[in-house]
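Report on the structure given below.
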Amino acid sequence: MTETSTNRAPIRASEIDPKFKYEVTKMRGGEKLLKCFQCGTCTSDCPVARYSDTYRPRTLIRMAQLGLKERVLKSDTLWLCAACFTCTDRCPQDVEVASVIRVLRNLAAERGMVPMVFKDQAGSILESGYAYKIPELRAKKRETLGLPPLPKGNPESVRKSLRGVKFIEAATKKGEPSGQ
Ligand code: SF4
Ligand code: SF4
């Protein structure tokens, strides 16, 4: 089943966790979830939604309100938000939309539901200090072009700074990859 069809599939009563919305509202940034009245301003102003057929912040907010816990936490589109905060600035109800999405991501990460691409990035940051590992071939090509070597990353310092960050711990935990 594709992401789009999963989000739009009919809701079964067994999927609904009535306590989920309170789990979200207890977390910093998620407090105003229940104030959303589904006007759609967040989606219409979202730069990511403009270029995606599936990413709709309003839908994620509604799924969280309805208690569709598994569905929203497993949603690949949850990870498309660019955290630009346009939605938060424009919401007429003062819902901190971008922060609600961060809360949902953190809850997903706690359960190991992080797309493989972000797990790889987190692993690379801890290992090399860079989000993207520069291939050896590319480094050699720089030499042949007379370009200076790239500065070395400082993974030890990065690891120290990120110690205790739950998302990184969850994202790099060995387990079943999720999505993408
Ligand atoms: S802009 Fe605010 S009130 Fe409107 S749908 Fe988005 S979160 Fe809900
Ligand atoms: S913070 Fe995320 S959901 Fe909000 S407008 Fe930016 S990309 Fe869209």
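Numbering starts fresh at 1 for the residues of each chain in the structure tokens, the chains themselves are lettered A, B, ... in the order given, and ligands are numbered from 1 as they appear.
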Sorted by chain and rising residue number, list the residues of chain A at most 7 Å from ligand 1 (counting only C-alpha atoms and all ligand atoms), each with its closest atom pair and distance in Å to one decimal, as a tab-separated table.
```
residue	atom	partner	partner_atom_place_in_ligand_line	distance
A:Lys35	CA	ligand 1	3 (S)	6.7
A:Cys36	CA	ligand 1	8 (Fe)	3.7
A:Phe37	CA	ligand 1	3 (S)	4.7
A:Gln38	CA	ligand 1	5 (S)	3.6
A:Cys39	CA	ligand 1	4 (Fe)	3.9
A:Gly40	CA	ligand 1	5 (S)	3.9
A:Thr41	CA	ligand 1	1 (S)	4.1
A:Cys42	CA	ligand 1	1 (S)	4.1
A:Thr43	CA	ligand 1	6 (Fe)	6.5
A:Pro57	CA	ligand 1	6 (Fe)	6.9
A:Arg58	CA	ligand 1	5 (S)	4.8
A:Ile61	CA	ligand 1	7 (S)	6.5
A:Cys87	CA	ligand 1	1 (S)	6.3
A:Arg90	CA	ligand 1	1 (S)	6.4
A:Cys91	CA	ligand 1	1 (S)	3.8
A:Pro92	CA	ligand 1	2 (Fe)	5.7
A:Gln93	CA	ligand 1	3 (S)	5.0
A:Asp94	CA	ligand 1	2 (Fe)	6.6
A:Val95	CA	ligand 1	2 (Fe)	5.3
A:Val97	CA	ligand 1	7 (S)	5.5
```
Item to complete: With a distance cut-off of 9 Å and only C-alpha atoms, select the neighbouring residues of range 127-143 of chain A, excluding the residue or stretch itself and same-chain residues fewer than 3 positions from it, and output the selection as a PyMOL selection string.
Response: chain A and resi 120-124+146-150+152-159
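Omitting range 107-110 of chain A and its sequence neighbours fewer than 4 positions away, and counting only C-alpha atoms, the residues within 6 Å are A:Leu73, A:Val114, A:Ala170.
Using only C-alpha atoms and all ligand atoms, the nearest neighbour of ligand 2 within the list A:Leu68, A:Cys46, A:Ile16, A:Ile101 is A:Cys46.
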Worksheet entry | Selection within 6 Å of ligand 2 by only C-alpha atoms and all ligand atoms, output as a count of residues only | 12
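Closest approach to Arg50 in chain A among A:Leu33, A:Leu80, A:Val100, A:Val24: A:Leu80, based on only C-alpha atoms.
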Discussion item. Please return, as a ChimeraX atom specification, all residues of range 22-169 of chain A that DSSP assigns to helix (DSSP H, G or I) on the basis of the backbone.
Written reply: /A:22-25,33-35,41-45,47-50,57-66,69-73,76-80,86-90,97-110,116-128,136-144,155-162,166-169
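For the pair CA of Lys173 in chain A and CA of Lys119 in chain A, the separation is 8.6 Å.
Across the model, the gap from CA of Ala64 in chain A to CA of Leu104 in chain A is 8.4 Å.
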